[in-house]
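Undergrad: First the structure, then my questions, so here it is.
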Protein chains: 2
Amino acid sequence: MIPEKDNEIKQLPDEVQKNIANIKHKFIVISGKGGVGKTTVSVSLAYCLALKGYEVGLLDVDIHGPNVNKMVGLTNETITGDGIRMNPIKVLHNLKVISTASIIDDPDTPIIWRGPLKMKLIRQFLVDVNWGCLDYLIVDSPPGTGDEPLSVVQLINDLDGAIVVTTPQEVALLDARKSVQFAKQLGIPFIGIVENMSGLICPHCSKNIDLFGTGGGKRAAKEMGVTFLGEIPMDPEVIKLCDKGKVFEAFEKNSAVSESIMKITEVIDKYVKSQNVVS
Amino acid sequence: MIPEKDNEIKQLPDEVQKNIANIKHKFIVISGKGGVGKTTVSVSLAYCLALKGYEVGLLDVDIHGPNVNKMVGLTNETITGDGIRMNPIKVLHNLKVISTASIIDDPDTPIIWRGPLKMKLIRQFLVDVNWGCLDYLIVDSPPGTGDEPLSVVQLINDLDGAIVVTTPQEVALLDARKSVQFAKQLGIPFIGIVENMSGLICPHCSKNIDLFGTGGGKRAAKEMGVTFLGEIPMDPEVIKLCDKGKVFEAFEKNSAVSESIMKITEVIDKYVKSQNVVS
């Protein structure tokens, strides 16, 4: 069920490859279902890779609901350019962000676009953005297996792979399986599954609340014969920080959440490097 | 930013209107962000309207992640037909369901389609399904303001309106505002906002856990001058039932969740009737 003829999208792919030639590793973060914390995971992975000293870029291709900017505390910052290309916005000295949220005037205005227009915008983000030299480019995609992730996969020839984020809920796992198949069908390497919202500890009585369950992601990974990257628990404090655009603060204190994400980052970093001999 | 020329979608709209002529009221449930419980709300509203004795249809137009079937306990039921049109699946004597999930063979297979193909499928759900005489048709749309809700709005001439589901989180509210604008820009009536996942009571110590906050949906509705339909709290028990395909069981015992949804159903039913003189 992959579209056979996507001629428009394949026009001048060289322009994309030329512009992102100095990015060593590129991966896409996808999910079958929305609200599983995909953006939180993308932003956290970007931050952890930056903490490790890498030059990191984060591209938010969620056109209808771009949340990366909100989560990293960007509000009114405008994108500058050199007349030819746009410069991504620096949120740390070694972490740059580009999101649809930066190019729309009113955050309340919906972008009511059909597929072909979306693809053109994503292409622009890859061709007309001055990404510079990066170790990692993380692409945060909207949920589902629609136009946006499809465009990214078709535009970037040398993706290192896809990471699927899920929650332990059965409905989320059902959709996560689709995302794994999506990567397989499109012939891109599959890095692994992250189980987010895995368990919740009551901040009052410290007992475990079985809100969305735990272990479903690991089980689904085993069933599908793919790598399980790790699980990230729910923490009301971290949710609040993300909501306030202070996602990085969650890493300033040691918590179960920050520990989990650091571990997952290590696994991804090792995987990507084992697949590529980097000059 | 509404596509100006959608000629293909407007071909033969009369066929759609003819096929759904015996459906009194039609509304679409949308959300800016995924994972806010839109499908849970759609299914619950359908169930509550059926409980009130109405003939109800539920159409799941989420093509990439159709979860309605899973939530109402449908697994391997196949759609039957009379050679010309498909029959929706009855989950109660007065509640019928059609979902993409019923027409794909393998639930793990993703549908990797661009916009125009999606529109064709949605059109089929409206033209080639034997909906019969219904009091209500509820359309559960995927998150965002993309091809699916756009197609529904353009195909059904006489939608009673849109309902937006959000959580109290800032990132969800940001996207919910877009959905309200979406309805306004497309000129369809706006019924109101539902705040889901509003507060969580620890099942062990009964203290309130401020997981996603509360009151944000009400505040956003006030700011935007639109109706606030009500808030639905989180209940680990209900989440588990939904996950097991037993969403209706959640209504068999009196709970804060079922009470909230019944109240919201009443408000919607009154609103829709006040806008239409039903023969």
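Chain labels follow the order of the structure tokens: the first chain is A, the next B, and so on; residue numbering restarts at 1 in every chain, and ligands are counted from 1 in their shown order.
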Restrict the calculation to only C-alpha atoms, then for each residue of chain A with any atom at most 7 Å from an atom of chain B give the closest atom pair and their distance in Å to one decimal, rows by chain and rising residue number, as a tab-separated table.
TA:
residue	atom	partner	partner_atom	distance
A:Met1	CA	B:Ile112	CA	5.8
A:Ile2	CA	B:Ile112	CA	5.3
A:Pro3	CA	B:Trp113	CA	6.4
A:Gly32	CA	B:Gly65	CA	6.4
A:Lys33	CA	B:Gly65	CA	6.4
A:Gly34	CA	B:Gly34	CA	3.6
A:Gly35	CA	B:Gly35	CA	3.6
A:Val36	CA	B:Gly35	CA	6.4
A:His64	CA	B:Gly144	CA	5.3
A:Gly65	CA	B:Asp175	CA	5.7
A:Asn67	CA	B:Val171	CA	6.5
A:Asp108	CA	B:Lys178	CA	4.8
A:Thr109	CA	B:Lys178	CA	5.4
A:Pro110	CA	B:Lys178	CA	4.6
A:Ile111	CA	B:Met1	CA	6.1
A:Ile112	CA	B:Ile2	CA	5.3
A:Trp113	CA	B:Gly146	CA	6.0
A:Arg114	CA	B:Asp147	CA	5.5
A:Gly115	CA	B:Gly115	CA	5.0
A:Gly144	CA	B:His64	CA	5.3
A:Thr145	CA	B:Ile112	CA	5.5
A:Gly146	CA	B:Ile112	CA	5.8
A:Asp147	CA	B:Arg114	CA	5.4
A:Gln169	CA	B:Asp243	CA	6.5
A:Glu170	CA	B:Asp243	CA	5.6
A:Val171	CA	B:Asp243	CA	6.2
A:Leu174	CA	B:Asp108	CA	6.8
A:Asp175	CA	B:Gly65	CA	5.7
A:Arg177	CA	B:Asp108	CA	5.3
A:Lys178	CA	B:Pro110	CA	4.6
A:Ser179	CA	B:Pro110	CA	6.7
A:Gln181	CA	B:Thr109	CA	6.3
A:Phe182	CA	B:Pro110	CA	5.9
A:Cys202	CA	B:Cys202	CA	6.7
A:Cys205	CA	B:Cys205	CA	6.3
A:Asp210	CA	B:Pro236	CA	6.8
A:Leu211	CA	B:Pro236	CA	4.9
A:Pro236	CA	B:Leu211	CA	4.9
A:Asp243	CA	B:Glu170	CA	5.7
Undergrad: Residues near Asn22 of chain B, anyone? I mean within 10 Å using only C-alpha atoms, not counting same-chain ones fewer than 4 positions away, as a list in words.
TA: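 Here the qualifying residues turn out to be Gln17, Lys18, Trp131, Gly132, Cys133, Leu134, Asp135 and Tyr136 of chain B.
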Undergrad: Choose the residue, out of A:Gln124, A:Asn69, A:Gln154, A:Ser42, that has the smallest atom-to-atom separation from Asn196 of chain A; count only C-alpha atoms.
TA: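 Of A:Gln124, A:Asn69, A:Gln154, A:Ser42, the one nearest Asn196 of chain A, counting only C-alpha atoms, is A:Ser42.
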Undergrad: Give me the residues within 9 Å of segment 72-87 of chain A as an NGL selection string, counting only C-alpha atoms and dropping any in the same chain fewer than 6 places off.
TA: :A and (43 or 96 or 98 or 101-103 or 125 or 127-131 or 242 or 244-248)
Undergrad: Pick out the residues sitting within 12 Å of segment 255-263 of chain B, and hand them over as a PyMOL selection string; count only C-alpha atoms, and ignore anything fewer than 2 positions along from it in its own chain.
TA: chain B and resi 40-52+194-201+229-239+247-253+265-270
Undergrad: Please return, as a VMD selection string, all residues of segment 103-185 of chain A that DSSP assigns to strand (DSSP E or B) on the basis of the backbone.
TA: chain A and resid 129 134 to 140 161 to 166
Undergrad: Per DSSP on the backbone, filter segment 36-265 of chain A down to the residues in helix (DSSP H, G or I) and report them as a VMD selection string.
TA: chain A and resid 38 to 51 68 to 71 100 to 102 115 to 127 147 to 155 170 to 185 216 to 224 236 to 243 247 to 251 256 to 265
Undergrad: Restricting the output to C-alpha atoms, write the selected residues as a PDB file, in the first residue's frame.
TA:
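What ended up in part_39.pdb:
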ATOM      1  CA  LYS A  38       6.726  11.317  20.837  1.00  0.00           C
ATOM      2  CA  THR A  39       7.729  14.977  20.891  1.00  0.00           C
ATOM      3  CA  THR A  40       8.847  14.736  24.514  1.00  0.00           C
ATOM      4  CA  VAL A  41      11.033  11.774  23.556  1.00  0.00           C
ATOM      5  CA  SER A  42      12.430  13.548  20.450  1.00  0.00           C
ATOM      6  CA  VAL A  43      13.258  16.701  22.394  1.00  0.00           C
ATOM      7  CA  SER A  44      14.766  14.691  25.268  1.00  0.00           C
ATOM      8  CA  LEU A  45      16.908  12.604  22.931  1.00  0.00           C
ATOM      9  CA  ALA A  46      18.110  15.771  21.198  1.00  0.00           C
ATOM     10  CA  TYR A  47      18.973  17.305  24.562  1.00  0.00           C
ATOM     11  CA  CYS A  48      20.795  14.180  25.794  1.00  0.00           C
ATOM     12  CA  LEU A  49      22.829  13.953  22.584  1.00  0.00           C
ATOM     13  CA  ALA A  50      23.710  17.651  22.977  1.00  0.00           C
ATOM     14  CA  LEU A  51      24.697  16.996  26.613  1.00  0.00           C
ATOM     15  CA  VAL A  68       8.650  21.206  19.679  1.00  0.00           C
ATOM     16  CA  ASN A  69       8.952  24.989  20.052  1.00  0.00           C
ATOM     17  CA  LYS A  70       6.484  25.114  22.922  1.00  0.00           C
ATOM     18  CA  MET A  71       8.352  22.327  24.680  1.00  0.00           C
ATOM     19  CA  THR A 100       6.424  24.831  11.399  1.00  0.00           C
ATOM     20  CA  ALA A 101       5.504  26.714  14.577  1.00  0.00           C
ATOM     21  CA  SER A 102       8.246  29.251  13.709  1.00  0.00           C
ATOM     22  CA  GLY A 115      -0.607  16.087   1.349  1.00  0.00           C
ATOM     23  CA  PRO A 116       1.234  17.614  -1.622  1.00  0.00           C
ATOM     24  CA  LEU A 117       1.592  20.997   0.073  1.00  0.00           C
ATOM     25  CA  LYS A 118       2.931  19.366   3.218  1.00  0.00           C
ATOM     26  CA  MET A 119       5.583  17.583   1.229  1.00  0.00           C
ATOM     27  CA  LYS A 120       6.724  20.856  -0.306  1.00  0.00           C
ATOM     28  CA  LEU A 121       7.157  22.424   3.117  1.00  0.00           C
ATOM     29  CA  ILE A 122       9.143  19.446   4.421  1.00  0.00           C
ATOM     30  CA  ARG A 123      11.340  19.616   1.343  1.00  0.00           C
ATOM     31  CA  GLN A 124      11.981  23.294   2.098  1.00  0.00           C
ATOM     32  CA  PHE A 125      13.035  22.400   5.634  1.00  0.00           C
ATOM     33  CA  LEU A 126      15.637  20.080   4.164  1.00  0.00           C
ATOM     34  CA  VAL A 127      16.783  22.181   1.201  1.00  0.00           C
ATOM     35  CA  ASP A 147       2.294  12.232   4.226  1.00  0.00           C
ATOM     36  CA  GLU A 148       4.806  13.707   6.652  1.00  0.00           C
ATOM     37  CA  PRO A 149       6.878  10.635   7.623  1.00  0.00           C
ATOM     38  CA  LEU A 150       6.510   9.320   4.061  1.00  0.00           C
ATOM     39  CA  SER A 151       7.943  12.552   2.667  1.00  0.00           C
ATOM     40  CA  VAL A 152      10.861  12.502   5.124  1.00  0.00           C
ATOM     41  CA  VAL A 153      11.731   8.915   4.252  1.00  0.00           C
ATOM     42  CA  GLN A 154      11.538   9.605   0.532  1.00  0.00           C
ATOM     43  CA  LEU A 155      13.488  12.869   0.721  1.00  0.00           C
ATOM     44  CA  GLU A 170      -3.135  -1.999  23.838  1.00  0.00           C
ATOM     45  CA  VAL A 171      -4.554   0.626  21.437  1.00  0.00           C
ATOM     46  CA  ALA A 172      -1.159   2.327  21.281  1.00  0.00           C
ATOM     47  CA  LEU A 173       0.648  -0.979  20.722  1.00  0.00           C
ATOM     48  CA  LEU A 174      -1.725  -1.843  17.879  1.00  0.00           C
ATOM     49  CA  ASP A 175      -0.657   1.368  16.163  1.00  0.00           C
ATOM     50  CA  ALA A 176       3.013   0.956  17.108  1.00  0.00           C
ATOM     51  CA  ARG A 177       3.086  -2.336  15.215  1.00  0.00           C
ATOM     52  CA  LYS A 178       1.931  -0.448  12.133  1.00  0.00           C
ATOM     53  CA  SER A 179       4.807   1.981  12.516  1.00  0.00           C
ATOM     54  CA  VAL A 180       7.326  -0.857  12.659  1.00  0.00           C
ATOM     55  CA  GLN A 181       5.824  -2.283   9.450  1.00  0.00           C
ATOM     56  CA  PHE A 182       5.896   1.190   7.913  1.00  0.00           C
ATOM     57  CA  ALA A 183       9.668   1.387   8.398  1.00  0.00           C
ATOM     58  CA  LYS A 184      10.126  -2.142   7.069  1.00  0.00           C
ATOM     59  CA  GLN A 185       7.939  -1.558   4.002  1.00  0.00           C
ATOM     60  CA  GLY A 216       3.626  -3.781  26.527  1.00  0.00           C
ATOM     61  CA  GLY A 217       6.321  -2.133  24.405  1.00  0.00           C
ATOM     62  CA  LYS A 218       8.893  -4.752  25.374  1.00  0.00           C
ATOM     63  CA  ARG A 219       6.431  -7.528  24.600  1.00  0.00           C
ATOM     64  CA  ALA A 220       5.498  -6.002  21.213  1.00  0.00           C
ATOM     65  CA  ALA A 221       9.199  -5.602  20.342  1.00  0.00           C
ATOM     66  CA  LYS A 222       9.852  -9.238  21.205  1.00  0.00           C
ATOM     67  CA  GLU A 223       6.856 -10.401  19.167  1.00  0.00           C
ATOM     68  CA  MET A 224       7.986  -8.406  16.145  1.00  0.00           C
ATOM     69  CA  PRO A 236       3.858  14.562  36.972  1.00  0.00           C
ATOM     70  CA  GLU A 237       6.760  16.953  37.651  1.00  0.00           C
ATOM     71  CA  VAL A 238       8.351  16.276  34.256  1.00  0.00           C
ATOM     72  CA  ILE A 239       4.979  16.607  32.474  1.00  0.00           C
ATOM     73  CA  LYS A 240       4.588  20.035  34.077  1.00  0.00           C
ATOM     74  CA  LEU A 241       8.099  21.114  33.055  1.00  0.00           C
ATOM     75  CA  CYS A 242       7.519  20.001  29.437  1.00  0.00           C
ATOM     76  CA  ASP A 243       4.258  21.900  29.420  1.00  0.00           C
ATOM     77  CA  VAL A 247      11.920  20.236  29.338  1.00  0.00           C
ATOM     78  CA  PHE A 248      15.678  20.628  29.873  1.00  0.00           C
ATOM     79  CA  GLU A 249      15.168  21.299  33.603  1.00  0.00           C
ATOM     80  CA  ALA A 250      13.874  17.761  33.968  1.00  0.00           C
ATOM     81  CA  PHE A 251      17.452  16.640  33.306  1.00  0.00           C
ATOM     82  CA  ALA A 256      13.887   8.021  36.950  1.00  0.00           C
ATOM     83  CA  VAL A 257      12.815   9.801  33.754  1.00  0.00           C
ATOM     84  CA  SER A 258      16.167  11.448  33.017  1.00  0.00           C
ATOM     85  CA  GLU A 259      18.056   8.249  33.833  1.00  0.00           C
ATOM     86  CA  SER A 260      15.876   6.236  31.426  1.00  0.00           C
ATOM     87  CA  ILE A 261      16.281   8.717  28.593  1.00  0.00           C
ATOM     88  CA  MET A 262      20.044   8.930  29.070  1.00  0.00           C
ATOM     89  CA  LYS A 263      20.227   5.126  28.860  1.00  0.00           C
ATOM     90  CA  ILE A 264      18.110   5.074  25.693  1.00  0.00           C
ATOM     91  CA  THR A 265      20.303   7.796  24.158  1.00  0.00           C
TER      92      THR A 265
END
